[in-house]
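Content type mmCIF, C-alpha atoms, from the file input24.cif:
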data_protein
#
loop_
_atom_site.label_atom_id
_atom_site.label_comp_id
_atom_site.auth_asym_id
_atom_site.auth_seq_id
_atom_site.Cartn_x
_atom_site.Cartn_y
_atom_site.Cartn_z
CA MET Q 592 -10.95 43.40 153.45
CA TYR Q 593 -8.30 45.44 151.73
CA TYR Q 594 -8.59 46.14 147.96
CA ASN Q 595 -5.76 47.34 145.86
CA SER Q 596 -6.92 50.57 144.17
CA GLY Q 597 -4.95 49.67 141.05
CA MET Q 598 -6.88 46.39 140.67
CA VAL Q 599 -10.22 48.13 141.20
CA LEU Q 600 -9.31 50.71 138.58
CA LEU Q 601 -8.20 47.97 136.16
CA TRP Q 602 -11.43 45.99 136.62
CA THR Q 603 -13.49 49.17 136.22
CA LEU Q 604 -11.65 50.00 133.03
CA ILE Q 605 -12.14 46.47 131.68
CA SER Q 606 -15.84 46.60 132.58
CA VAL Q 607 -16.31 49.96 130.87
CA LEU Q 608 -14.49 48.75 127.75
CA PHE Q 609 -16.59 45.60 127.68
CA LEU Q 610 -19.75 47.69 128.06
CA LEU Q 611 -18.66 50.01 125.23
CA LEU Q 612 -17.90 47.02 123.02
CA ALA Q 613 -21.33 45.55 123.76
CA ILE Q 614 -22.99 48.88 122.90
CA CYS Q 615 -21.01 49.07 119.65
CA PHE Q 616 -22.05 45.51 118.85
CA VAL Q 617 -25.73 46.36 119.31
CA VAL Q 618 -25.51 49.59 117.28
CA MET Q 619 -23.66 47.86 114.46
CA ARG Q 620 -26.11 44.97 114.49
CA PHE Q 621 -29.06 47.34 114.16
CA ALA Q 622 -27.31 49.18 111.33
CA ALA Q 623 -26.63 45.90 109.51
CA LEU Q 624 -30.25 44.81 109.98
CA GLU Q 625 -31.41 48.15 108.62
CA ILE Q 626 -29.38 47.59 105.47
CA GLU Q 627 -30.85 44.11 105.04
CA ARG Q 628 -34.38 45.49 105.55
CA ARG Q 629 -33.79 48.23 102.99
CA GLN Q 630 -32.37 45.72 100.51
CA GLU Q 631 -35.45 43.53 100.92
CA ALA Q 632 -37.66 46.57 100.28
CA VAL Q 633 -35.81 47.24 97.01
CA ILE Q 634 -36.17 43.61 95.98
CA GLU Q 635 -39.88 43.68 96.84
CA GLY Q 636 -40.36 46.76 94.66
CA LEU Q 637 -38.54 45.13 91.76
CA TRP Q 638 -40.68 42.00 92.08
CA SER Q 639 -43.79 44.16 92.16
CA ARG Q 640 -42.69 45.74 88.89
CA ARG Q 641 -41.86 42.38 87.32
CA ASN Q 642 -45.22 40.91 88.33
CA ARG Q 643 -47.09 43.63 86.42
CA ILE Q 644 -45.15 43.14 83.19
CA PRO Q 645 -47.35 40.32 81.77
CA LEU Q 646 -50.47 42.44 82.28
CA LEU Q 647 -48.82 45.40 80.58
CA LEU Q 648 -47.81 43.27 77.60
CA GLU Q 649 -51.30 41.78 77.41
CA VAL Q 650 -52.93 45.23 77.43
CA VAL Q 651 -50.65 46.46 74.65
CA ALA Q 652 -51.20 43.29 72.59
CA ARG Q 653 -54.99 43.53 73.05
CA ALA Q 654 -55.01 47.20 72.07
CA GLU Q 655 -52.82 46.52 69.03
CA GLY Q 656 -55.09 43.66 68.02
CA GLU Q 657 -58.16 45.85 68.20
CA HIS Q 658 -56.79 49.09 66.75
CA GLY Q 659 -53.17 48.84 65.79
CA PRO Q 660 -51.52 48.48 62.45
CA LYS Q 661 -50.13 45.07 61.62
CA SER Q 662 -46.88 46.43 60.12
CA ASP Q 663 -45.21 46.92 63.51
CA ALA Q 664 -46.46 43.61 64.92
CA LEU Q 665 -43.10 41.88 64.37
CA LEU Q 666 -41.20 44.72 66.05
CA HIS Q 667 -43.53 44.64 69.06
CA ALA Q 668 -43.41 40.83 69.19
CA ASN Q 669 -39.61 41.04 69.41
CA LEU Q 670 -39.88 43.68 72.13
CA ARG Q 671 -42.37 41.50 74.00
CA SER Q 672 -40.21 38.40 73.75
CA HIS Q 673 -37.12 40.33 74.87
CA ILE Q 674 -38.99 41.65 77.94
CA ILE Q 675 -40.29 38.20 78.81
CA ASP Q 676 -36.84 36.61 78.41
CA LEU Q 677 -35.24 39.28 80.57
CA ARG Q 678 -37.97 38.90 83.20
CA ASP Q 679 -37.37 35.14 83.30
CA LYS Q 680 -33.62 35.64 83.65
CA LEU Q 681 -34.14 38.04 86.54
CA ALA Q 682 -36.43 35.55 88.26
CA SER Q 683 -33.68 32.91 88.24
CA ALA Q 684 -31.51 34.98 90.64
CA ALA Q 685 -28.35 33.18 89.51
CA PHE Q 686 -26.51 36.40 88.80
CA THR Q 687 -24.17 38.66 90.70
CA LEU Q 688 -25.44 42.00 91.95
CA PRO Q 689 -23.77 44.03 89.14
CA GLU Q 690 -25.31 41.69 86.54
CA GLN Q 691 -28.74 42.02 88.14
CA ILE Q 692 -28.38 45.81 88.23
CA GLU Q 693 -27.50 45.85 84.53
CA MET Q 694 -30.48 43.62 83.67
CA GLU Q 695 -32.81 45.80 85.76
CA LYS Q 696 -31.59 48.86 83.84
CA GLN Q 697 -32.31 47.04 80.57
CA MET Q 698 -35.76 46.14 81.88
CA SER Q 699 -36.41 49.78 82.78
CA ASP Q 700 -35.42 50.84 79.26
CA LEU Q 701 -37.66 48.19 77.69
CA ILE Q 702 -40.65 49.15 79.84
CA ALA Q 703 -40.07 52.81 78.95
CA THR Q 704 -40.11 51.78 75.28
CA VAL Q 705 -43.48 50.06 75.79
CA PHE Q 706 -44.88 53.17 77.44
CA ARG Q 707 -43.61 55.33 74.60
CA LEU Q 708 -45.87 53.36 72.25
CA ASP Q 709 -48.72 55.61 73.33
CA GLN Q 710 -46.99 58.43 71.43
CA GLU Q 711 -47.15 56.35 68.25
CA TYR Q 712 -50.64 54.99 68.76
CA SER Q 713 -53.32 57.38 69.96
CA PHE Q 714 -55.63 54.53 70.92
CA LEU Q 715 -53.25 53.61 73.76
CA LYS Q 716 -53.65 57.12 75.20
CA GLN Q 717 -57.35 56.38 75.52
CA ASP Q 718 -57.03 52.88 76.99
CA LEU Q 719 -57.85 53.25 80.68
CA LEU Q 720 -56.06 50.05 81.69
CA PHE Q 721 -52.90 51.17 79.89
CA ILE Q 722 -53.08 54.58 81.57
CA SER Q 723 -53.65 52.93 84.95
CA LEU Q 724 -50.70 50.57 84.44
CA LYS Q 725 -48.50 53.45 83.38
CA LYS Q 726 -49.36 55.28 86.58
CA GLU Q 727 -48.75 52.12 88.66
CA PHE Q 728 -45.35 51.62 87.05
CA GLU Q 729 -44.43 55.24 87.73
CA GLU Q 730 -45.43 54.85 91.39
CA ILE Q 731 -43.48 51.59 91.69
CA VAL Q 732 -40.38 53.14 90.11
CA GLU Q 733 -40.62 56.11 92.48
CA LYS Q 734 -40.97 53.74 95.45
CA ILE Q 735 -37.93 51.77 94.25
CA ARG Q 736 -35.91 54.99 93.90
CA ILE Q 737 -36.83 56.03 97.43
CA GLU Q 738 -35.89 52.60 98.80
CA ILE Q 739 -32.57 52.68 96.93
CA ASN Q 740 -31.82 56.10 98.39
CA ASP Q 741 -32.69 54.83 101.87
CA TYR Q 742 -30.52 51.76 101.33
CA ASN Q 743 -27.59 53.87 100.17
CA PHE Q 744 -28.02 56.23 103.14
CA SER Q 745 -28.04 53.30 105.59
CA PHE Q 746 -25.05 51.80 103.82
CA GLN Q 747 -23.13 55.07 104.04
CA LYS Q 748 -23.99 55.42 107.72
CA LEU Q 749 -22.62 51.96 108.43
CA ALA Q 750 -19.53 52.65 106.32
CA ASN Q 751 -18.91 55.73 108.45
CA TYR Q 752 -19.00 53.54 111.55
CA TYR Q 753 -16.39 51.25 110.02
CA ARG Q 754 -14.00 54.14 109.56
CA LEU Q 755 -13.34 53.95 113.27
CA PRO Q 756 -10.39 51.57 113.69
CA PHE Q 757 -11.75 49.68 116.70
CA LEU Q 758 -14.98 48.87 114.83
CA LYS Q 759 -13.29 47.10 111.90
CA ILE Q 760 -13.91 43.75 113.59
CA PHE Q 761 -17.65 44.23 113.09
CA GLU Q 762 -17.15 44.48 109.34
CA LEU Q 763 -15.88 40.93 109.43
CA ILE Q 764 -18.69 39.77 111.69
CA TYR Q 765 -21.48 41.20 109.52
CA ARG Q 766 -19.71 40.70 106.19
CA ILE Q 767 -20.97 44.05 105.06
CA GLY Q 768 -17.89 44.52 102.90
CA ARG Q 769 -19.53 42.30 100.27
CA LYS Q 770 -22.43 44.69 99.87
CA GLN Q 771 -22.26 47.79 97.79
CA PRO Q 772 -24.43 50.84 97.14
CA LEU Q 773 -27.19 50.33 94.58
CA GLN Q 774 -27.68 52.29 91.38
CA LEU Q 775 -30.56 50.62 89.59
CA LEU Q 776 -32.90 52.94 87.81
#
Mind converting the file's structure to structure tokens?
Amino acid sequence: MYYNSGMVLLWTLISVLFLLLAICFVVMRFAALEIERRQEAVIEGLWSRRNRIPLLLEVVARAEGEHGPKSDALLHANLRSHIIDLRDKLASAAFTLPEQIEMEKQMSDLIATVFRLDQEYSFLKQDLLFISLKKEFEEIVEKIRIEINDYNFSFQKLANYYRLPFLKIFELIYRIGRKQPLQLL
């Protein structure tokens, strides 16, 4: 049987291109899955922080009730209600990513305000549960920062892949263009 060398070369070229496209597809898919996994880790960290907020508020309220002056009770009640309202809004998940980021920043500021109460009230510095919660919140925030950095690194790596013209089609397939780097805390 006689084969035309031009046809064999053409079929070889097509096969190699198809193989390269399949490899690109797999690499891009893994990169997209890595971004989704990192995003879920950030969300998990944020939920972990939100789930500890009622305990924190309870500890501060208990300590104020036992030792604290009553003059600042209204101020702290407003702070408490603002934190609870913001926590409830964040739980609804009916917001865009920039709105959620802004609310998470507000939540971070409010939690920092609660932890600064120990500078005003020495009895909070001695409350072991308050100290333990403060340490837990610091660890959670550090974990969230690490996850955000990992997410942004994975996002940048995938964005670098998309700079190659023949890989633009994968941006449409994975709809990664809708995602953006995170800057929460």
### Query
Quick one: of Q:Lys680, Q:Arg629, Q:Arg643, Q:Arg707, who's nearest to Q:Phe744, counting only C-alpha atoms?
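Closest candidate: Q:Arg629.
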### Message
List the spatial neighbours of Q:Val705 as a list in words - criterion: any atom at most 12 Å away, all atoms listed in the file, same-chain residues fewer than 6 positions off excluded.
### Response
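The residues that qualify are Ile644, Leu647, Leu648, Glu649, Val650, Val651, Ala652, Leu666, His667, Ala668, Asn669, Leu670, Arg671, His673, Ile674, Met698, Ser699, Glu711, Tyr712, Leu715, Phe721, Leu724, Lys725 and Phe728 of chain Q.
The two atoms in question, atom CA of Q:Met694 and atom CA of Q:Leu646, are spaced 20.1 Å apart.
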With the PyMOL selection byres ((chain Q and resi 736) around 12) as the selection, what would be picked from this file? Answer as a short mmCIF file (atom, residue, chain, number, x, y, z; two decimals) with C-alpha atoms, keeping the file's coordinate frame, please.
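Produced file part.cif, reproduced below:
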data_model
loop_
_atom_site.label_atom_id
_atom_site.label_comp_id
_atom_site.auth_asym_id
_atom_site.auth_seq_id
_atom_site.Cartn_x
_atom_site.Cartn_y
_atom_site.Cartn_z
CA ARG Q 629 -33.79 48.23 102.99
CA GLN Q 630 -32.37 45.72 100.51
CA ALA Q 632 -37.66 46.57 100.28
CA VAL Q 633 -35.81 47.24 97.01
CA ILE Q 634 -36.17 43.61 95.98
CA GLY Q 636 -40.36 46.76 94.66
CA LEU Q 637 -38.54 45.13 91.76
CA GLU Q 729 -44.43 55.24 87.73
CA GLU Q 730 -45.43 54.85 91.39
CA ILE Q 731 -43.48 51.59 91.69
CA VAL Q 732 -40.38 53.14 90.11
CA GLU Q 733 -40.62 56.11 92.48
CA LYS Q 734 -40.97 53.74 95.45
CA ILE Q 735 -37.93 51.77 94.25
CA ILE Q 737 -36.83 56.03 97.43
CA GLU Q 738 -35.89 52.60 98.80
CA ILE Q 739 -32.57 52.68 96.93
CA ASN Q 740 -31.82 56.10 98.39
CA ASP Q 741 -32.69 54.83 101.87
CA TYR Q 742 -30.52 51.76 101.33
CA ASN Q 743 -27.59 53.87 100.17
CA LEU Q 773 -27.19 50.33 94.58
CA GLN Q 774 -27.68 52.29 91.38
CA LEU Q 775 -30.56 50.62 89.59
CA LEU Q 776 -32.90 52.94 87.81
#
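Atom pair atom CA of Q:Ile626 / atom CA of Q:Leu749: separated by 8.6 Å.
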#### Entry: Gap from atom CA of Q:Ala613 to atom CA of Q:Arg628 - Å, one decimal
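Computing it gives 22.4 Å between the two atoms.
Closest to Q:Ala623 among Q:Leu608, Q:Leu755, Q:Ile722, Q:Ala750 is Q:Ala750, based on all atoms listed in the file.
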#### Entry: Selected residue, from Q:Ser745, Q:Ser723, Q:Leu758, Q:Tyr752, that lies nearest to Q:Leu624 when counting all atoms listed in the file
Q:Ser745
### Task
With a distance cut-off of 12 Å and only C-alpha atoms, select the neighbouring residues of Q:Phe714, excluding the residue or stretch itself and same-chain residues fewer than 5 positions from it, and output the selection as a list of chain:residue names.
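The filter keeps Q:Val650, Q:Val651, Q:Arg653, Q:Ala654, Q:Glu655, Q:Gly656, Q:Glu657, Q:His658, Q:Gly659, Q:Pro660, Q:Leu708, Q:Asp709, Q:Leu719, Q:Leu720, Q:Phe721, Q:Ile722.
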Give me a file of those residues, with C-alpha atoms, as a compact mmCIF listing (two decimals), in the frame of the given file.
# COMPACT_ATOMS: atom_id res chain seq x y z
CA VAL Q 650 -52.93 45.23 77.43
CA VAL Q 651 -50.65 46.46 74.65
CA ARG Q 653 -54.99 43.53 73.05
CA ALA Q 654 -55.01 47.20 72.07
CA GLU Q 655 -52.82 46.52 69.03
CA GLY Q 656 -55.09 43.66 68.02
CA GLU Q 657 -58.16 45.85 68.20
CA HIS Q 658 -56.79 49.09 66.75
CA GLY Q 659 -53.17 48.84 65.79
CA PRO Q 660 -51.52 48.48 62.45
CA LEU Q 708 -45.87 53.36 72.25
CA ASP Q 709 -48.72 55.61 73.33
CA LEU Q 719 -57.85 53.25 80.68
CA LEU Q 720 -56.06 50.05 81.69
CA PHE Q 721 -52.90 51.17 79.89
CA ILE Q 722 -53.08 54.58 81.57
### Which of Q:Arg678, Q:Arg754, Q:Lys696, Q:Lys726 sits closest to Q:Asn642 [using only C-alpha atoms]
Q:Arg678
Will you model N, CA and C atoms for stretch 710-739 of chain Q and pass it back as a tab-separated table (two decimals), keeping the file's coordinate frame?
chain	number	residue	atom	x	y	z
Q	710	GLN	N	-47.26	57.26	72.27
Q	710	GLN	CA	-46.99	58.43	71.43
Q	710	GLN	C	-47.20	58.08	69.96
Q	711	GLU	N	-46.96	56.80	69.63
Q	711	GLU	CA	-47.15	56.35	68.25
Q	711	GLU	C	-48.61	56.03	67.97
Q	712	TYR	N	-49.27	55.47	68.96
Q	712	TYR	CA	-50.64	54.99	68.76
Q	712	TYR	C	-51.58	55.71	69.71
Q	713	SER	N	-52.42	56.56	69.14
Q	713	SER	CA	-53.32	57.38	69.96
Q	713	SER	C	-54.33	56.52	70.73
Q	714	PHE	N	-54.66	55.36	70.22
Q	714	PHE	CA	-55.63	54.53	70.92
Q	714	PHE	C	-55.12	54.06	72.27
Q	715	LEU	N	-53.79	53.98	72.46
Q	715	LEU	CA	-53.25	53.61	73.76
Q	715	LEU	C	-53.44	54.74	74.78
Q	716	LYS	N	-53.43	55.98	74.30
Q	716	LYS	CA	-53.65	57.12	75.20
Q	716	LYS	C	-55.07	57.10	75.77
Q	717	GLN	N	-55.96	56.42	75.08
Q	717	GLN	CA	-57.35	56.38	75.52
Q	717	GLN	C	-57.69	55.10	76.28
Q	718	ASP	N	-56.79	54.15	76.29
Q	718	ASP	CA	-57.03	52.88	76.99
Q	718	ASP	C	-56.83	53.09	78.49
Q	719	LEU	N	-57.91	52.98	79.24
Q	719	LEU	CA	-57.85	53.25	80.68
Q	719	LEU	C	-56.94	52.28	81.43
Q	720	LEU	N	-56.93	51.03	81.02
Q	720	LEU	CA	-56.06	50.05	81.69
Q	720	LEU	C	-54.58	50.38	81.43
Q	721	PHE	N	-54.27	50.78	80.21
Q	721	PHE	CA	-52.90	51.17	79.89
Q	721	PHE	C	-52.48	52.39	80.70
Q	722	ILE	N	-53.36	53.38	80.79
Q	722	ILE	CA	-53.08	54.58	81.57
Q	722	ILE	C	-52.89	54.23	83.04
Q	723	SER	N	-53.74	53.36	83.54
Q	723	SER	CA	-53.65	52.93	84.95
Q	723	SER	C	-52.34	52.18	85.21
Q	724	LEU	N	-51.97	51.30	84.29
Q	724	LEU	CA	-50.70	50.57	84.44
Q	724	LEU	C	-49.50	51.51	84.37
Q	725	LYS	N	-49.58	52.49	83.49
Q	725	LYS	CA	-48.50	53.45	83.38
Q	725	LYS	C	-48.32	54.20	84.70
Q	726	LYS	N	-49.42	54.59	85.29
Q	726	LYS	CA	-49.36	55.28	86.58
Q	726	LYS	C	-48.81	54.36	87.67
Q	727	GLU	N	-49.26	53.10	87.68
Q	727	GLU	CA	-48.75	52.12	88.66
Q	727	GLU	C	-47.24	51.93	88.52
Q	728	PHE	N	-46.78	51.80	87.28
Q	728	PHE	CA	-45.35	51.62	87.05
Q	728	PHE	C	-44.57	52.85	87.52
Q	729	GLU	N	-45.10	54.02	87.27
Q	729	GLU	CA	-44.43	55.24	87.73
Q	729	GLU	C	-44.35	55.27	89.25
Q	730	GLU	N	-45.43	54.88	89.92
Q	730	GLU	CA	-45.43	54.85	91.39
Q	730	GLU	C	-44.44	53.81	91.92
Q	731	ILE	N	-44.41	52.65	91.26
Q	731	ILE	CA	-43.48	51.59	91.69
Q	731	ILE	C	-42.04	52.05	91.51
Q	732	VAL	N	-41.74	52.67	90.38
Q	732	VAL	CA	-40.38	53.14	90.11
Q	732	VAL	C	-39.98	54.20	91.14
Q	733	GLU	N	-40.92	55.09	91.47
Q	733	GLU	CA	-40.62	56.11	92.48
Q	733	GLU	C	-40.37	55.46	93.85
Q	734	LYS	N	-41.17	54.46	94.18
Q	734	LYS	CA	-40.97	53.74	95.45
Q	734	LYS	C	-39.60	53.05	95.46
Q	735	ILE	N	-39.23	52.44	94.35
Q	735	ILE	CA	-37.93	51.77	94.25
Q	735	ILE	C	-36.80	52.80	94.41
Q	736	ARG	N	-36.93	53.94	93.77
Q	736	ARG	CA	-35.91	54.99	93.90
Q	736	ARG	C	-35.76	55.44	95.35
Q	737	ILE	N	-36.87	55.62	96.03
Q	737	ILE	CA	-36.83	56.03	97.43
Q	737	ILE	C	-36.15	54.96	98.27
Q	738	GLU	N	-36.50	53.70	98.04
Q	738	GLU	CA	-35.89	52.60	98.80
Q	738	GLU	C	-34.39	52.49	98.52
Q	739	ILE	N	-34.00	52.71	97.26
Q	739	ILE	CA	-32.57	52.68	96.93
Q	739	ILE	C	-31.84	53.81	97.64
